[in-house]
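A.B. asks: Input structure: start.cif, which contains mmCIF, C-alpha atoms.
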data_structure
loop_
_atom_site.label_atom_id
_atom_site.label_comp_id
_atom_site.auth_asym_id
_atom_site.auth_seq_id
_atom_site.Cartn_x
_atom_site.Cartn_y
_atom_site.Cartn_z
CA MET A 1 0.00 0.00 0.00
CA SER A 2 1.42 3.40 -0.97
CA LEU A 3 2.21 5.99 1.70
CA ILE A 4 -0.31 8.44 0.24
CA LYS A 5 -3.09 5.88 0.63
CA LYS A 6 -1.99 5.09 4.17
CA ILE A 7 -1.94 8.70 5.32
CA SER A 8 -5.22 9.43 3.54
CA ALA A 9 -6.78 6.59 5.52
CA GLU A 10 -5.28 8.01 8.72
CA PHE A 11 -6.72 11.43 7.87
CA ILE A 12 -10.22 10.02 7.38
CA GLY A 13 -10.02 7.77 10.41
CA THR A 14 -8.86 10.52 12.76
CA LEU A 15 -11.52 12.85 11.37
CA TRP A 16 -14.11 10.23 12.33
CA LEU A 17 -12.62 9.75 15.80
CA VAL A 18 -12.86 13.46 16.59
CA LEU A 19 -16.23 13.97 14.93
CA GLY A 20 -17.72 10.87 16.55
CA GLY A 21 -16.06 10.95 19.95
CA CYS A 22 -15.85 14.68 20.62
CA GLY A 23 -19.11 15.16 18.75
CA SER A 24 -20.90 12.93 21.24
CA ALA A 25 -19.54 15.07 24.08
CA VAL A 26 -20.38 18.43 22.47
CA LEU A 27 -23.74 17.58 20.91
CA ALA A 28 -25.25 14.73 22.91
CA ALA A 29 -23.69 14.34 26.36
CA THR A 30 -25.91 16.89 28.13
CA PHE A 31 -28.82 17.05 25.72
CA PRO A 32 -31.98 17.76 27.77
CA ASP A 33 -33.78 14.64 29.06
CA VAL A 34 -31.86 12.17 26.85
CA GLY A 35 -28.19 13.16 27.33
CA ILE A 36 -25.86 10.21 26.88
CA GLY A 37 -23.52 11.19 29.73
CA LEU A 38 -20.12 9.75 30.59
CA LEU A 39 -21.06 6.20 29.58
CA GLY A 40 -22.32 7.29 26.18
CA VAL A 41 -19.29 9.45 25.40
CA SER A 42 -16.96 6.64 26.47
CA LEU A 43 -18.76 4.21 24.21
CA ALA A 44 -18.73 6.70 21.31
CA PHE A 45 -14.94 6.99 21.41
CA GLY A 46 -14.60 3.21 21.54
CA LEU A 47 -16.97 2.79 18.62
CA THR A 48 -15.07 5.24 16.43
CA VAL A 49 -11.90 3.20 16.83
CA LEU A 50 -13.66 -0.14 16.48
CA THR A 51 -15.43 0.87 13.27
CA MET A 52 -12.33 2.44 11.72
CA ALA A 53 -10.16 -0.54 12.68
CA PHE A 54 -12.40 -2.73 10.54
CA ALA A 55 -12.66 -0.08 7.81
CA ILE A 56 -9.03 1.01 7.38
CA GLY A 57 -6.95 -1.33 9.51
CA HIS A 58 -5.90 -3.24 6.40
CA ILE A 59 -4.87 0.02 4.70
CA SER A 60 -2.93 2.00 7.30
CA GLY A 61 -3.04 -0.06 10.48
CA CYS A 62 -5.60 2.41 11.89
CA HIS A 63 -3.37 4.33 14.31
CA LEU A 64 -5.52 7.53 14.40
CA ASN A 65 -3.23 8.81 17.14
CA PRO A 66 0.38 10.07 17.26
CA ALA A 67 0.90 8.23 20.54
CA VAL A 68 -0.12 4.94 18.91
CA SER A 69 2.31 5.57 16.07
CA PHE A 70 5.10 6.29 18.57
CA GLY A 71 4.21 3.17 20.56
CA LEU A 72 4.26 0.95 17.48
CA TRP A 73 7.53 2.58 16.44
CA SER A 74 9.17 1.94 19.82
CA SER A 75 7.99 -1.68 19.67
CA GLY A 76 9.72 -2.14 16.32
CA ARG A 77 6.51 -2.54 14.33
CA PHE A 78 6.49 0.83 12.56
CA SER A 79 9.10 2.55 10.43
CA THR A 80 10.80 5.81 11.35
CA ALA A 81 10.30 7.08 7.79
CA GLU A 82 6.50 6.93 8.07
CA LEU A 83 6.25 8.38 11.58
CA GLY A 84 6.21 12.06 10.55
CA PRO A 85 3.72 11.68 7.67
CA TYR A 86 1.35 9.61 9.83
CA ILE A 87 1.37 12.19 12.65
CA ALA A 88 0.81 15.07 10.22
CA ALA A 89 -2.15 13.23 8.65
CA GLN A 90 -3.63 12.43 12.06
CA VAL A 91 -3.43 16.02 13.28
CA ALA A 92 -4.85 17.33 10.00
CA GLY A 93 -7.68 14.79 10.09
CA GLY A 94 -8.48 15.65 13.68
CA ILE A 95 -8.65 19.36 12.87
CA ALA A 96 -10.95 18.61 9.92
CA GLY A 97 -13.23 16.58 12.19
CA ALA A 98 -13.26 19.39 14.77
CA ALA A 99 -14.06 21.91 12.03
CA ILE A 100 -17.08 19.88 10.90
CA LEU A 101 -18.18 19.55 14.52
CA TYR A 102 -17.77 23.31 15.04
CA LEU A 103 -19.93 24.06 12.01
CA ILE A 104 -22.66 21.74 13.30
CA ALA A 105 -22.52 22.99 16.90
CA SER A 106 -22.59 26.62 15.74
CA GLY A 107 -26.05 25.96 14.34
CA GLN A 108 -27.41 26.16 17.88
CA ALA A 109 -28.19 29.65 19.11
CA GLY A 110 -25.78 30.81 21.79
CA PHE A 111 -23.12 28.17 21.18
CA ASP A 112 -19.59 29.28 22.02
CA ALA A 113 -16.61 26.92 21.70
CA THR A 114 -14.50 28.89 24.17
CA THR A 115 -16.97 29.00 27.03
CA SER A 116 -18.31 25.47 26.44
CA GLY A 117 -14.82 23.95 26.42
CA PHE A 118 -15.56 22.15 23.14
CA ALA A 119 -14.67 18.72 24.61
CA SER A 120 -11.12 19.92 25.32
CA ASN A 121 -8.73 18.20 27.69
CA GLY A 122 -7.52 19.97 30.81
CA TYR A 123 -6.24 19.83 34.35
CA GLY A 124 -6.69 21.95 37.49
CA GLU A 125 -9.73 24.19 37.13
CA HIS A 126 -10.29 22.77 33.63
CA SER A 127 -10.40 19.15 34.79
CA PRO A 128 -14.01 17.88 34.93
CA GLY A 129 -13.37 16.67 38.48
CA GLY A 130 -10.88 19.35 39.52
CA TYR A 131 -7.81 17.09 39.40
CA ASN A 132 -4.39 18.74 39.50
CA LEU A 133 -1.53 18.64 36.99
CA ILE A 134 0.23 15.65 38.61
CA ALA A 135 -2.95 13.58 38.62
CA ALA A 136 -3.55 14.46 34.98
CA LEU A 137 0.03 13.60 34.02
CA VAL A 138 -0.06 10.22 35.77
CA THR A 139 -3.49 9.43 34.33
CA GLU A 140 -2.53 10.19 30.74
CA ILE A 141 0.75 8.25 30.96
CA ALA A 142 -0.89 5.23 32.61
CA MET A 143 -3.96 5.15 30.37
CA THR A 144 -1.91 5.48 27.18
CA PHE A 145 0.51 2.82 28.40
CA MET A 146 -2.36 0.39 28.90
CA PHE A 147 -3.96 1.36 25.59
CA LEU A 148 -0.77 0.47 23.74
CA ILE A 149 -0.39 -2.79 25.65
CA ILE A 150 -3.91 -3.69 24.51
CA ILE A 151 -3.15 -2.69 20.90
CA LEU A 152 0.18 -4.50 20.75
CA GLY A 153 -1.20 -7.60 22.42
CA ALA A 154 -4.40 -7.77 20.38
CA THR A 155 -2.48 -7.39 17.11
CA ASP A 156 0.29 -9.83 18.03
CA LYS A 157 0.50 -12.66 15.49
CA ARG A 158 0.16 -15.11 18.39
CA ALA A 159 -3.18 -13.59 19.51
CA PRO A 160 -6.57 -14.84 18.25
CA GLN A 161 -7.00 -13.40 14.77
CA GLY A 162 -9.81 -11.06 13.71
CA PHE A 163 -10.78 -9.80 17.16
CA ALA A 164 -8.25 -6.97 17.61
CA PRO A 165 -10.68 -4.13 16.71
CA ILE A 166 -13.12 -5.30 19.38
CA ALA A 167 -10.47 -5.47 22.10
CA ILE A 168 -9.02 -2.10 21.11
CA GLY A 169 -12.42 -0.37 20.88
CA LEU A 170 -13.56 -1.74 24.23
CA GLY A 171 -10.18 -0.86 25.73
CA LEU A 172 -10.60 2.76 24.69
CA THR A 173 -14.13 2.75 26.09
CA LEU A 174 -12.83 1.55 29.46
CA ILE A 175 -10.06 4.15 29.44
CA HIS A 176 -12.65 6.90 28.97
CA LEU A 177 -14.82 5.52 31.76
CA ILE A 178 -11.82 5.78 34.08
CA SER A 179 -10.29 9.07 33.04
CA ILE A 180 -12.99 11.43 31.74
CA PRO A 181 -13.39 12.83 35.29
CA VAL A 182 -9.66 13.56 35.48
CA THR A 183 -8.67 15.07 32.11
CA ASN A 184 -11.71 14.55 29.87
CA THR A 185 -9.52 11.78 28.44
CA SER A 186 -6.97 12.45 25.77
CA VAL A 187 -4.52 9.53 25.29
CA ASN A 188 -4.34 11.07 21.80
CA PRO A 189 -2.44 14.29 20.98
CA ALA A 190 -4.26 14.71 17.64
CA ARG A 191 -7.67 14.62 19.34
CA SER A 192 -6.52 17.14 21.96
CA THR A 193 -4.97 19.50 19.41
CA ALA A 194 -8.00 19.46 17.13
CA VAL A 195 -10.49 20.71 19.69
CA ALA A 196 -8.02 22.99 21.51
CA ILE A 197 -7.62 25.05 18.35
CA PHE A 198 -11.36 25.80 18.32
CA GLN A 199 -11.58 26.31 22.10
CA GLY A 200 -8.81 28.84 21.56
CA ASP A 201 -8.02 29.74 25.18
CA TRP A 202 -6.92 27.65 28.15
CA ALA A 203 -6.97 24.39 26.14
CA ILE A 204 -4.06 25.63 24.03
CA SER A 205 -1.98 26.62 27.07
CA GLN A 206 -2.50 23.17 28.61
CA LEU A 207 -2.04 21.24 25.36
CA TRP A 208 1.63 20.43 26.07
CA LEU A 209 0.64 17.84 28.67
CA PHE A 210 -1.60 16.02 26.20
CA TRP A 211 1.30 15.59 23.81
CA ILE A 212 4.04 14.71 26.28
CA ALA A 213 2.18 12.33 28.60
CA PRO A 214 0.54 10.09 25.95
CA ILE A 215 3.78 9.80 23.97
CA ILE A 216 5.76 8.87 27.10
CA GLY A 217 3.20 6.21 28.04
CA ALA A 218 3.09 4.84 24.50
CA ILE A 219 6.86 4.63 24.03
CA PHE A 220 7.25 2.88 27.38
CA ALA A 221 4.54 0.37 26.43
CA GLY A 222 6.29 -0.32 23.13
CA ILE A 223 9.56 -1.03 24.94
CA VAL A 224 7.83 -3.32 27.44
CA TYR A 225 5.98 -5.24 24.74
CA ARG A 226 9.17 -5.60 22.72
CA TRP A 227 10.59 -7.38 25.79
CA PHE A 228 7.52 -9.65 25.86
CA GLU A 229 8.11 -10.55 22.21
CA ALA A 230 11.82 -11.24 22.60
CA GLU A 231 12.86 -14.85 22.20
CA GLU A 232 13.93 -16.44 25.47
CA SER A 233 17.13 -18.47 25.60
CA VAL A 234 16.75 -21.97 26.99
#
Show the structure stored in the file as structure tokens.

C.D. replies:
Amino acid sequence: MSLIKKISAEFIGTLWLVLGGCGSAVLAATFPDVGIGLLGVSLAFGLTVLTMAFAIGHISGCHLNPAVSFGLWSSGRFSTAELGPYIAAQVAGGIAGAAILYLIASGQAGFDATTSGFASNGYGEHSPGGYNLIAALVTEIAMTFMFLIIILGATDKRAPQGFAPIAIGLGLTLIHLISIPVTNTSVNPARSTAVAIFQGDWAISQLWLFWIAPIIGAIFAGIVYRWFEAEESV
């Protein structure tokens, strides 16, 4: 598969992740009487990854996330040459998804992306549960670490074949159930960047954490799983 087809798939997939996941939070989470709440938003993020894994996994590997690309790279499963193009496509796709979401949300009288937060990730006063920077840092590192362990394990050639998208999608759902109260759940720098641009205020100043922490967690997971895969001497 050519690189242009791979990064095009990553663009579309990340667009869907932001539009579907963040869209559920912006448009449906608190809708009067039938709001989907934390459980619904968590499931929406998991479903975006599950559906795209089946749709484009055979084209690009369905990373949809710079941290996933870094984790696969550190595990030895992804080339250095494709790392930059994949991340650029993911960020661009996320921004496109956020732009579509912004256009839809702006159709409601009184909507304001800055004051609403626009599903942005944050810590301190911008954490849904008021969690501080250290709690947010630990959460994002730990959740991304576990996400990559799930991805690497589910896609291991020794694992049951054909079920990886289900495990990965449910894994992301569980991660959101745990960490939405802390950071609104990132584990994905492209997702965080996309909505922060439209929030345009505090989300941009706190964005550094949602790049550094997920990438640290992902790279560490890749190193650990590489150790799992290493042949043992008898």

A.B. asks: Please enumerate the residues selected by the PyMOL selection byres ((chain A and resi 148) around 7) when evaluated against the supplied file, formatted as a PDB file with C-alpha atoms, in the coordinates of the input.

C.D. replies:
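Output below, filename selection_4.pdb:
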ATOM      1  CA  VAL A  68      -0.120   4.940  18.910  1.00  0.00           C
ATOM      2  CA  GLY A  71       4.210   3.170  20.560  1.00  0.00           C
ATOM      3  CA  THR A 144      -1.910   5.480  27.180  1.00  0.00           C
ATOM      4  CA  PHE A 145       0.510   2.820  28.400  1.00  0.00           C
ATOM      5  CA  MET A 146      -2.360   0.390  28.900  1.00  0.00           C
ATOM      6  CA  PHE A 147      -3.960   1.360  25.590  1.00  0.00           C
ATOM      7  CA  ILE A 149      -0.390  -2.790  25.650  1.00  0.00           C
ATOM      8  CA  ILE A 150      -3.910  -3.690  24.510  1.00  0.00           C
ATOM      9  CA  ILE A 151      -3.150  -2.690  20.900  1.00  0.00           C
ATOM     10  CA  LEU A 152       0.180  -4.500  20.750  1.00  0.00           C
ATOM     11  CA  ALA A 218       3.090   4.840  24.500  1.00  0.00           C
ATOM     12  CA  ALA A 221       4.540   0.370  26.430  1.00  0.00           C
TER      13      ALA A 221
END

A.B. asks: Record the distance separating CA of Gly124 in chain A and CA of Ser186 in chain A, expressed in Å with one decimal.

C.D. replies: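 A separation of 15.1 Å between them.
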
A.B. asks: Find the residues around Trp227 in chain A up to 12 Å (all atoms listed in the file counted), leave out those fewer than 2 positions away in its own chain, and share them as a ChimeraX atom specification.

C.D. replies: /A:74-76,149,152,220-225,229-232

A.B. asks: Return as a JSON list (two decimals) with C-alpha atoms, in the frame of the given file the set of residues that the PyMOL selection byres ((chain A and resi 188-201) around 10) yields on the displayed structure.

C.D. replies:
[["chain", "number", "residue", "atom", "x", "y", "z"],
["A", 14, "THR", "CA", -8.86, 10.52, 12.76],
["A", 15, "LEU", "CA", -11.52, 12.85, 11.37],
["A", 17, "LEU", "CA", -12.62, 9.75, 15.80],
["A", 18, "VAL", "CA", -12.86, 13.46, 16.59],
["A", 19, "LEU", "CA", -16.23, 13.97, 14.93],
["A", 21, "GLY", "CA", -16.06, 10.95, 19.95],
["A", 22, "CYS", "CA", -15.85, 14.68, 20.62],
["A", 64, "LEU", "CA", -5.52, 7.53, 14.40],
["A", 65, "ASN", "CA", -3.23, 8.81, 17.14],
["A", 66, "PRO", "CA", 0.38, 10.07, 17.26],
["A", 67, "ALA", "CA", 0.90, 8.23, 20.54],
["A", 68, "VAL", "CA", -0.12, 4.94, 18.91],
["A", 87, "ILE", "CA", 1.37, 12.19, 12.65],
["A", 88, "ALA", "CA", 0.81, 15.07, 10.22],
["A", 89, "ALA", "CA", -2.15, 13.23, 8.65],
["A", 90, "GLN", "CA", -3.63, 12.43, 12.06],
["A", 91, "VAL", "CA", -3.43, 16.02, 13.28],
["A", 92, "ALA", "CA", -4.85, 17.33, 10.00],
["A", 93, "GLY", "CA", -7.68, 14.79, 10.09],
["A", 94, "GLY", "CA", -8.48, 15.65, 13.68],
["A", 95, "ILE", "CA", -8.65, 19.36, 12.87],
["A", 96, "ALA", "CA", -10.95, 18.61, 9.92],
["A", 97, "GLY", "CA", -13.23, 16.58, 12.19],
["A", 98, "ALA", "CA", -13.26, 19.39, 14.77],
["A", 99, "ALA", "CA", -14.06, 21.91, 12.03],
["A", 101, "LEU", "CA", -18.18, 19.55, 14.52],
["A", 102, "TYR", "CA", -17.77, 23.31, 15.04],
["A", 112, "ASP", "CA", -19.59, 29.28, 22.02],
["A", 113, "ALA", "CA", -16.61, 26.92, 21.70],
["A", 114, "THR", "CA", -14.50, 28.89, 24.17],
["A", 115, "THR", "CA", -16.97, 29.00, 27.03],
["A", 116, "SER", "CA", -18.31, 25.47, 26.44],
["A", 117, "GLY", "CA", -14.82, 23.95, 26.42],
["A", 118, "PHE", "CA", -15.56, 22.15, 23.14],
["A", 119, "ALA", "CA", -14.67, 18.72, 24.61],
["A", 120, "SER", "CA", -11.12, 19.92, 25.32],
["A", 121, "ASN", "CA", -8.73, 18.20, 27.69],
["A", 122, "GLY", "CA", -7.52, 19.97, 30.81],
["A", 140, "GLU", "CA", -2.53, 10.19, 30.74],
["A", 144, "THR", "CA", -1.91, 5.48, 27.18],
["A", 184, "ASN", "CA", -11.71, 14.55, 29.87],
["A", 185, "THR", "CA", -9.52, 11.78, 28.44],
["A", 186, "SER", "CA", -6.97, 12.45, 25.77],
["A", 187, "VAL", "CA", -4.52, 9.53, 25.29],
["A", 202, "TRP", "CA", -6.92, 27.65, 28.15],
["A", 203, "ALA", "CA", -6.97, 24.39, 26.14],
["A", 204, "ILE", "CA", -4.06, 25.63, 24.03],
["A", 205, "SER", "CA", -1.98, 26.62, 27.07],
["A", 206, "GLN", "CA", -2.50, 23.17, 28.61],
["A", 207, "LEU", "CA", -2.04, 21.24, 25.36],
["A", 208, "TRP", "CA", 1.63, 20.43, 26.07],
["A", 209, "LEU", "CA", 0.64, 17.84, 28.67],
["A", 210, "PHE", "CA", -1.60, 16.02, 26.20],
["A", 211, "TRP", "CA", 1.30, 15.59, 23.81],
["A", 212, "ILE", "CA", 4.04, 14.71, 26.28],
["A", 213, "ALA", "CA", 2.18, 12.33, 28.60],
["A", 214, "PRO", "CA", 0.54, 10.09, 25.95],
["A", 215, "ILE", "CA", 3.78, 9.80, 23.97]]

A.B. asks: Which residues, named as in the file, does the PyMOL selection byres ((chain A and resi 42-46) around 8) pick out? Answer as a ChimeraX atom specification.

C.D. replies: /A:17,20-22,24,38-41,47-50,168-177

A.B. asks: Emit the selected residues as an mmCIF file, in the frame of the given file, including C-alpha atoms.

C.D. replies:
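The resulting file, again_10.cif, is reproduced below:
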data_model
loop_
_atom_site.group_PDB
_atom_site.id
_atom_site.type_symbol
_atom_site.label_atom_id
_atom_site.label_comp_id
_atom_site.auth_asym_id
_atom_site.auth_seq_id
_atom_site.Cartn_x
_atom_site.Cartn_y
_atom_site.Cartn_z
ATOM 1 C CA LEU A 17 -12.620 9.750 15.800
ATOM 2 C CA GLY A 20 -17.720 10.870 16.550
ATOM 3 C CA GLY A 21 -16.060 10.950 19.950
ATOM 4 C CA CYS A 22 -15.850 14.680 20.620
ATOM 5 C CA SER A 24 -20.900 12.930 21.240
ATOM 6 C CA LEU A 38 -20.120 9.750 30.590
ATOM 7 C CA LEU A 39 -21.060 6.200 29.580
ATOM 8 C CA GLY A 40 -22.320 7.290 26.180
ATOM 9 C CA VAL A 41 -19.290 9.450 25.400
ATOM 10 C CA LEU A 47 -16.970 2.790 18.620
ATOM 11 C CA THR A 48 -15.070 5.240 16.430
ATOM 12 C CA VAL A 49 -11.900 3.200 16.830
ATOM 13 C CA LEU A 50 -13.660 -0.140 16.480
ATOM 14 C CA ILE A 168 -9.020 -2.100 21.110
ATOM 15 C CA GLY A 169 -12.420 -0.370 20.880
ATOM 16 C CA LEU A 170 -13.560 -1.740 24.230
ATOM 17 C CA GLY A 171 -10.180 -0.860 25.730
ATOM 18 C CA LEU A 172 -10.600 2.760 24.690
ATOM 19 C CA THR A 173 -14.130 2.750 26.090
ATOM 20 C CA LEU A 174 -12.830 1.550 29.460
ATOM 21 C CA ILE A 175 -10.060 4.150 29.440
ATOM 22 C CA HIS A 176 -12.650 6.900 28.970
ATOM 23 C CA LEU A 177 -14.820 5.520 31.760
#

A.B. asks: In Å, how far is it from CA of Asn132 in chain A to CA of Ile180 in chain A?

C.D. replies: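 Computing the Euclidean distance for CA of Asn132 in chain A and CA of Ile180 in chain A yields 13.7 Å.
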
A.B. asks: What does the distance from CA of Lys6 in chain A to CA of Tyr86 in chain A come to in Å, to one decimal?

C.D. replies: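 For CA of Lys6 in chain A relative to CA of Tyr86 in chain A, the distance reads 8.0 Å.
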
A.B. asks: List as a list in words the protein and nucleic acid residues near Phe54 in chain A, meaning an atom at most 10 Å away when only C-alpha atoms are counted, but skip any in the same chain fewer than 4 places from it.

C.D. replies: Val49, Leu50, His58, Ile59, Gly61, Cys62, Gly162, Phe163, Ala164, Pro165 and Ile166 of chain A

A.B. asks: When distances are computed from all atoms listed in the file, which of A:Val26, A:Val182, A:Met1, A:Ile219 shows the smallest separation from Ile104 in chain A?

C.D. replies: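 Looking only at the distances to Ile104 in chain A, the closest residue turns out to be A:Val26.
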
A.B. asks: Emit as lines of an AutoDock Vina configuration file the padded axis-aligned box for all listed atoms of range 2-8 of chain A, 4 Å per side, with centre and edge lengths in Å to one decimal.

C.D. replies:
center_x = -1.5
center_y = 6.4
center_z = 2.2
size_x = 15.4
size_y = 14.0
size_z = 14.3

A.B. asks: Looking at only C-alpha atoms, which of A:Ala109, A:Ala136, A:Asp33, A:Leu72 is the one that sits closest to Asp156 in chain A?

C.D. replies: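 Going through A:Ala109, A:Ala136, A:Asp33, A:Leu72 one by one, the smallest distance to Asp156 in chain A is for A:Leu72.
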
A.B. asks: Gly130 in chain A: which residues within 9 Å, counting only C-alpha atoms, same-chain residues fewer than 4 positions away excluded, as a list in words?

C.D. replies: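 The contact residues come out as Tyr123, Gly124, Glu125, His126, Pro181, Val182 and Thr183 of chain A.
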
A.B. asks: Based on the selection just made, write C-alpha atoms of those residues as a compact mmCIF listing (two decimals), in the frame of the given file.

C.D. replies:
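After the write, again_16.txt holds the following:
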# COMPACT_ATOMS: atom_id res chain seq x y z
CA TYR A 123 -6.24 19.83 34.35
CA GLY A 124 -6.69 21.95 37.49
CA GLU A 125 -9.73 24.19 37.13
CA HIS A 126 -10.29 22.77 33.63
CA PRO A 181 -13.39 12.83 35.29
CA VAL A 182 -9.66 13.56 35.48
CA THR A 183 -8.67 15.07 32.11
